[in-house]
>>> print(open('model29.cif').read())   # mmCIF, C-alpha atoms
data_query
loop_
_atom_site.label_atom_id
_atom_site.label_comp_id
_atom_site.auth_asym_id
_atom_site.auth_seq_id
_atom_site.Cartn_x
_atom_site.Cartn_y
_atom_site.Cartn_z
CA MET A 1 -19.40 -20.01 40.28
CA ALA A 2 -23.16 -20.48 40.57
CA ARG A 3 -24.55 -23.40 38.56
CA SER A 4 -26.77 -21.12 36.43
CA ASP A 5 -23.76 -18.95 35.55
CA ARG A 6 -21.75 -22.06 34.72
CA LEU A 7 -24.48 -23.33 32.36
CA LEU A 8 -24.58 -19.95 30.59
CA ARG A 9 -20.81 -20.05 30.26
CA LEU A 10 -20.99 -23.58 28.89
CA LEU A 11 -23.62 -22.54 26.34
CA GLN A 12 -21.47 -19.63 25.21
CA ALA A 13 -18.43 -21.92 24.89
CA ILE A 14 -20.37 -24.32 22.65
CA ARG A 15 -21.44 -21.34 20.54
CA THR A 16 -17.90 -19.98 20.27
CA PHE A 17 -15.59 -22.94 19.59
CA PRO A 18 -15.51 -24.56 16.13
CA PRO A 19 -17.70 -27.68 16.19
CA PRO A 20 -17.41 -30.32 17.33
CA VAL A 21 -15.88 -29.05 20.57
CA THR A 22 -14.60 -31.76 22.89
CA ALA A 23 -15.70 -32.33 26.46
CA ALA A 24 -12.12 -31.67 27.62
CA VAL A 25 -12.17 -28.17 26.11
CA LEU A 26 -15.62 -27.39 27.51
CA ALA A 27 -14.65 -28.66 30.95
CA ARG A 28 -11.56 -26.46 30.94
CA GLU A 29 -13.58 -23.41 29.85
CA THR A 30 -16.16 -23.86 32.62
CA GLY A 31 -13.73 -25.02 35.31
CA VAL A 32 -15.34 -28.39 36.06
CA SER A 33 -14.48 -32.04 35.69
CA GLU A 34 -15.56 -33.90 32.55
CA ARG A 35 -18.06 -35.89 34.66
CA THR A 36 -19.71 -32.64 35.79
CA LEU A 37 -19.53 -31.36 32.22
CA TYR A 38 -21.58 -34.31 30.96
CA ARG A 39 -24.24 -33.57 33.60
CA ASP A 40 -24.29 -29.91 32.56
CA ILE A 41 -24.73 -30.91 28.90
CA ASN A 42 -27.72 -33.02 29.90
CA SER A 43 -29.15 -30.10 31.92
CA LEU A 44 -28.95 -27.84 28.87
CA ARG A 45 -30.62 -30.48 26.73
CA LEU A 46 -33.43 -30.87 29.25
CA SER A 47 -33.97 -27.09 29.16
CA GLY A 48 -34.59 -27.25 25.41
CA VAL A 49 -31.15 -26.55 23.92
CA LEU A 50 -30.50 -28.89 20.99
CA ILE A 51 -26.92 -30.13 21.32
CA ASP A 52 -25.61 -32.85 19.01
CA GLY A 53 -22.66 -35.02 19.94
CA SER A 54 -21.46 -37.46 22.53
CA PRO A 55 -18.46 -38.25 24.78
CA GLY A 56 -15.38 -39.08 22.71
CA TYR A 57 -16.67 -37.18 19.67
CA GLY A 58 -17.52 -33.65 20.72
CA TYR A 59 -20.53 -31.35 20.76
CA CYS A 60 -22.14 -28.75 18.53
CA LEU A 61 -25.15 -26.51 18.93
CA THR A 62 -27.90 -27.20 16.40
CA GLU A 63 -30.59 -24.97 17.87
CA ASP A 64 -30.41 -22.35 20.60
CA PRO A 65 -33.84 -21.40 22.03
CA SER A 66 -32.33 -18.54 24.04
CA LEU A 67 -31.66 -16.61 20.82
CA PRO A 68 -34.34 -15.69 18.26
CA PRO A 69 -33.85 -17.03 14.72
CA GLN A 70 -32.24 -14.60 12.28
CA ASN A 71 -32.14 -14.48 8.52
CA PHE A 72 -29.55 -12.55 6.52
CA SER A 73 -28.71 -12.29 2.85
CA ARG A 74 -25.33 -13.61 1.71
CA LEU A 75 -24.03 -10.04 1.34
CA GLU A 76 -25.27 -9.12 4.85
CA ILE A 77 -23.43 -12.14 6.26
CA GLU A 78 -20.27 -11.10 4.43
CA ALA A 79 -20.63 -7.58 5.87
CA LEU A 80 -21.03 -8.94 9.42
CA VAL A 81 -18.04 -11.27 9.10
CA LEU A 82 -15.90 -8.51 7.59
CA GLY A 83 -16.91 -5.88 10.15
CA LEU A 84 -16.42 -8.10 13.18
CA GLY A 85 -13.21 -9.44 11.65
CA TYR A 86 -11.94 -5.87 11.55
CA VAL A 87 -12.82 -5.48 15.24
CA ARG A 88 -10.94 -8.67 16.12
CA SER A 89 -7.94 -7.59 14.03
CA ARG A 90 -7.72 -3.93 15.07
CA GLY A 91 -9.16 -3.85 18.58
CA ASP A 92 -7.43 -4.39 21.90
CA ALA A 93 -7.76 -7.78 23.59
CA ALA A 94 -11.09 -7.05 25.31
CA LEU A 95 -12.65 -5.59 22.17
CA ALA A 96 -11.34 -8.43 20.00
CA GLU A 97 -12.86 -10.99 22.37
CA ALA A 98 -16.17 -9.10 22.33
CA GLY A 99 -16.14 -9.20 18.53
CA GLN A 100 -15.58 -12.95 18.55
CA LEU A 101 -18.39 -13.50 21.08
CA ALA A 102 -20.76 -11.28 19.08
CA LEU A 103 -20.10 -13.26 15.89
CA SER A 104 -20.63 -16.55 17.70
CA LYS A 105 -23.98 -15.34 19.10
CA ILE A 106 -25.12 -14.14 15.69
CA THR A 107 -24.02 -17.41 14.07
CA ALA A 108 -25.93 -19.42 16.67
CA THR A 109 -29.19 -17.75 15.56
CA LEU A 110 -28.75 -18.78 11.92
CA PRO A 111 -30.09 -21.87 10.18
CA GLU A 112 -27.46 -24.44 9.23
CA ARG A 113 -27.23 -23.25 5.61
CA LEU A 114 -26.34 -19.71 6.69
CA GLN A 115 -23.95 -20.95 9.37
CA ARG A 116 -21.94 -22.60 6.57
CA GLN A 117 -21.83 -19.25 4.77
CA VAL A 118 -20.36 -17.64 7.91
CA ALA A 119 -17.74 -20.37 8.17
CA HIS A 120 -16.75 -19.97 4.50
CA ALA A 121 -17.15 -16.21 4.04
CA VAL A 122 -15.39 -14.76 1.01
CA LEU A 123 -14.39 -11.43 2.59
CA LYS A 124 -11.56 -11.46 5.12
CA VAL A 125 -9.59 -8.88 7.10
CA TYR A 126 -5.83 -8.80 6.69
CA ARG A 127 -3.81 -6.64 9.05
CA PRO A 128 -0.89 -5.34 6.99
CA CYS A 129 2.40 -3.93 8.22
CA PRO A 130 3.07 -1.50 9.74
CA ALA A 131 0.83 -2.74 12.51
CA LEU A 132 -1.59 -0.49 14.32
CA GLU A 133 0.02 1.17 17.33
CA GLU A 134 -1.36 -0.32 20.52
CA PRO A 135 -1.14 1.16 24.03
CA ASP A 136 0.23 -0.88 26.89
CA GLY A 137 -2.01 -2.15 29.65
CA PRO A 138 -5.72 -1.48 30.14
CA THR A 139 -5.66 2.08 28.74
CA LEU A 140 -8.35 1.62 26.10
CA GLU A 141 -10.62 -0.34 28.41
CA LEU A 142 -10.38 2.43 31.01
CA ILE A 143 -11.09 5.09 28.36
CA ARG A 144 -14.14 3.18 27.12
CA GLU A 145 -15.54 2.79 30.63
CA ALA A 146 -15.00 6.48 31.40
CA SER A 147 -16.67 7.51 28.14
CA TRP A 148 -19.69 5.29 28.77
CA SER A 149 -20.10 6.52 32.35
CA GLU A 150 -19.15 10.12 31.43
CA MET A 151 -16.43 10.42 34.06
CA ALA A 152 -13.37 12.65 33.66
CA LEU A 153 -9.89 11.12 33.43
CA ASP A 154 -6.55 12.40 34.74
CA MET A 155 -3.85 11.83 32.17
CA ARG A 156 -0.13 12.30 31.62
CA TYR A 157 0.62 12.80 27.95
CA LEU A 158 3.73 12.92 25.78
CA SER A 159 3.34 15.23 22.79
CA ALA A 160 4.92 14.79 19.36
CA THR A 161 7.61 17.29 20.47
CA GLU A 162 8.41 15.17 23.56
CA GLN A 163 6.69 17.57 25.99
CA ARG A 164 5.05 15.96 29.01
CA THR A 165 1.84 17.44 30.35
CA GLU A 166 -0.67 16.54 33.02
CA ARG A 167 -4.29 17.30 32.24
CA ARG A 168 -7.87 16.36 33.07
CA ILE A 169 -10.00 15.39 30.09
CA PHE A 170 -13.58 14.47 29.26
CA PRO A 171 -13.21 11.38 27.00
CA LEU A 172 -15.70 11.57 24.12
CA SER A 173 -14.79 8.99 21.49
CA VAL A 174 -12.06 6.60 20.34
CA VAL A 175 -11.24 6.73 16.62
CA TYR A 176 -9.33 3.98 14.79
CA LEU A 177 -7.14 5.36 12.01
CA GLU A 178 -4.95 3.40 9.61
CA GLU A 179 -1.87 3.23 11.85
CA SER A 180 -2.98 4.80 15.14
CA ILE A 181 -5.80 5.10 17.65
CA MET A 182 -6.96 8.59 18.57
CA LEU A 183 -8.90 9.81 21.58
CA LEU A 184 -11.29 12.72 21.03
CA ALA A 185 -11.73 14.67 24.25
CA TRP A 186 -12.47 17.99 25.90
CA CYS A 187 -9.26 19.14 27.59
CA ARG A 188 -9.63 21.10 30.83
CA LEU A 189 -6.03 22.33 30.57
CA ARG A 190 -6.52 23.96 27.15
CA ARG A 191 -10.26 24.60 27.61
CA ASP A 192 -10.87 23.26 24.15
CA PHE A 193 -11.34 20.07 22.17
CA ARG A 194 -8.23 18.01 21.59
CA MET A 195 -7.25 14.83 19.75
CA PHE A 196 -4.75 12.63 21.59
CA ARG A 197 -2.76 9.74 20.19
CA VAL A 198 -3.50 6.88 22.54
CA SER A 199 -0.02 5.38 22.20
CA ARG A 200 1.41 8.61 23.65
CA ILE A 201 -0.65 8.44 26.84
CA LEU A 202 1.91 7.75 29.57
CA ASP A 203 -0.68 6.90 32.20
CA VAL A 204 -4.34 7.57 32.86
CA ALA A 205 -6.49 7.27 35.96
CA PRO A 206 -10.18 7.73 36.75
CA SER A 207 -11.29 10.84 38.62
CA ASP A 208 -14.35 11.56 40.75
CA GLU A 209 -15.65 14.26 38.37
CA SER A 210 -18.68 13.53 36.23
CA PHE A 211 -19.53 15.38 33.04
CA GLN A 212 -22.99 13.83 32.60
CA PRO A 213 -25.00 14.35 30.47
CA ARG A 214 -22.68 16.30 28.20
CA ARG A 215 -20.79 13.63 26.23
CA ALA A 216 -23.25 13.45 23.33
CA SER A 217 -23.50 17.22 22.90
CA LEU A 218 -19.75 17.76 23.26
CA LEU A 219 -18.96 15.03 20.76
CA ARG A 220 -21.50 16.41 18.30
CA GLU A 221 -19.96 19.88 18.60
CA TYR A 222 -16.41 18.55 18.12
CA LEU A 223 -17.38 16.50 15.06
CA GLN A 224 -19.06 19.56 13.56
CA GLN A 225 -15.85 21.52 14.09
CA LEU A 226 -13.79 18.80 12.40
CA ALA A 227 -16.22 18.66 9.48
CA SER A 228 -16.04 22.46 9.10
CA ARG A 229 -12.24 22.33 8.97
CA GLU A 230 -12.35 19.66 6.27
CA ASP A 231 -14.83 21.75 4.25
CA SER A 232 -12.62 24.81 4.58
CA ALA A 233 -9.55 22.85 3.48
CA ARG A 234 -11.32 21.81 0.27
CA LEU A 235 -12.10 25.42 -0.70
#
>>> encode(input="model29.cif", output="structure tokens")
Amino acid sequence: MARSDRLLRLLQAIRTFPPPVTAAVLARETGVSERTLYRDINSLRLSGVLIDGSPGYGYCLTEDPSLPPQNFSRLEIEALVLGLGYVRSRGDAALAEAGQLALSKITATLPERLQRQVAHAVLKVYRPCPALEEPDGPTLELIREASWSEMALDMRYLSATEQRTERRIFPLSVVYLEESIMLLAWCRLRRDFRMFRVSRILDVAPSDESFQPRRASLLREYLQQLASREDSARL
């Protein structure tokens, strides 16, 4: 790992772990010896990062010049903690980690008084039983990547009636419901929009077919259809 990358990783580790974080933990996170870790801490300090602490006690970040200062109301902080707590509770491993990193970056931009409010937020997320169904393996990560890059996916799917089908889809959006995760997509097999339960996807693989730049327009059309059905059901 390049030294610049290692220093960035060290800075992120100090942001993320509850203070004070020990040199042993930071050394393990960055893959260096504690002696090298102490030199890296000094390098960050020389670059303008204000890090309190010392060997044998631990370290905490008191000011991070790489992030602009932020100011939130108490209710805005509660909303951020609650929203990102939901992501960490309901998301897959990669999304949960991203939520934790995002909260640590936001917290690092706050003055000390507001950082204490983050640490002692009133609103919490509790994940009740039954737990949200989660797919095995990297299914959601692959779906996210394909949606962002607007690339079609080849999928084997098990329906609610135990029928297995193979189809090519254009992934449009992932929707988190109370007890399941749904994939909104354009299905080439049915030539129509479909909603798939992610836990019923048997396997999925990337294809070489692009549907750029149609994701936004397709998703908008599908959401309009869903809204129309809900309106009709109320009549």
>>> resolve_selection(input="model29.cif", expression="the PyMOL selection byres ((chain A and resi 164-174) around 8)", output="PDB file with C-alpha atoms, in the coordinates of the input")
ATOM      1  CA  ILE A 143     -11.090   5.090  28.360  1.00  0.00           C
ATOM      2  CA  ARG A 144     -14.140   3.180  27.120  1.00  0.00           C
ATOM      3  CA  ALA A 146     -15.000   6.480  31.400  1.00  0.00           C
ATOM      4  CA  SER A 147     -16.670   7.510  28.140  1.00  0.00           C
ATOM      5  CA  GLU A 150     -19.150  10.120  31.430  1.00  0.00           C
ATOM      6  CA  MET A 151     -16.430  10.420  34.060  1.00  0.00           C
ATOM      7  CA  ALA A 152     -13.370  12.650  33.660  1.00  0.00           C
ATOM      8  CA  LEU A 153      -9.890  11.120  33.430  1.00  0.00           C
ATOM      9  CA  ASP A 154      -6.550  12.400  34.740  1.00  0.00           C
ATOM     10  CA  MET A 155      -3.850  11.830  32.170  1.00  0.00           C
ATOM     11  CA  ARG A 156      -0.130  12.300  31.620  1.00  0.00           C
ATOM     12  CA  TYR A 157       0.620  12.800  27.950  1.00  0.00           C
ATOM     13  CA  LEU A 158       3.730  12.920  25.780  1.00  0.00           C
ATOM     14  CA  SER A 159       3.340  15.230  22.790  1.00  0.00           C
ATOM     15  CA  GLU A 162       8.410  15.170  23.560  1.00  0.00           C
ATOM     16  CA  GLN A 163       6.690  17.570  25.990  1.00  0.00           C
ATOM     17  CA  VAL A 175     -11.240   6.730  16.620  1.00  0.00           C
ATOM     18  CA  TYR A 176      -9.330   3.980  14.790  1.00  0.00           C
ATOM     19  CA  ILE A 181      -5.800   5.100  17.650  1.00  0.00           C
ATOM     20  CA  MET A 182      -6.960   8.590  18.570  1.00  0.00           C
ATOM     21  CA  LEU A 183      -8.900   9.810  21.580  1.00  0.00           C
ATOM     22  CA  LEU A 184     -11.290  12.720  21.030  1.00  0.00           C
ATOM     23  CA  ALA A 185     -11.730  14.670  24.250  1.00  0.00           C
ATOM     24  CA  TRP A 186     -12.470  17.990  25.900  1.00  0.00           C
ATOM     25  CA  CYS A 187      -9.260  19.140  27.590  1.00  0.00           C
ATOM     26  CA  ARG A 188      -9.630  21.100  30.830  1.00  0.00           C
ATOM     27  CA  LEU A 189      -6.030  22.330  30.570  1.00  0.00           C
ATOM     28  CA  PHE A 211     -19.530  15.380  33.040  1.00  0.00           C
ATOM     29  CA  ARG A 215     -20.790  13.630  26.230  1.00  0.00           C
ATOM     30  CA  ALA A 216     -23.250  13.450  23.330  1.00  0.00           C
ATOM     31  CA  LEU A 218     -19.750  17.760  23.260  1.00  0.00           C
ATOM     32  CA  LEU A 219     -18.960  15.030  20.760  1.00  0.00           C
TER      33      LEU A 219
END
>>> residues_around(input="model29.cif", residues="A:Gly31", least_positions_apart="5", cutoff="12 Å", atoms="all atoms listed in the file", output="number ranges by chain")
A: 1-3, 5-7, 9-10, 13, 23-26, 36-37, 40
>>> closest_residue(input="model29.cif", among="A:Val125, A:Ala160, A:Leu223, A:Ile41", to="A:Ser199", atoms="only C-alpha atoms")
A:Ala160
>>> atom_distance(input="model29.cif", atom1="atom CA of A:Ala121", atom2="atom CA of A:Ser89")
16.1 Å
>>> residues_around(input="model29.cif", residues="A:Leu114", least_positions_apart="3", cutoff="9 Å", atoms="only C-alpha atoms", output="list in words")
Asn71, Phe72, Ser73, Arg74, Ile77, Thr107, Leu110, Pro111, Gln117, Val118 and Ala119 of chain A
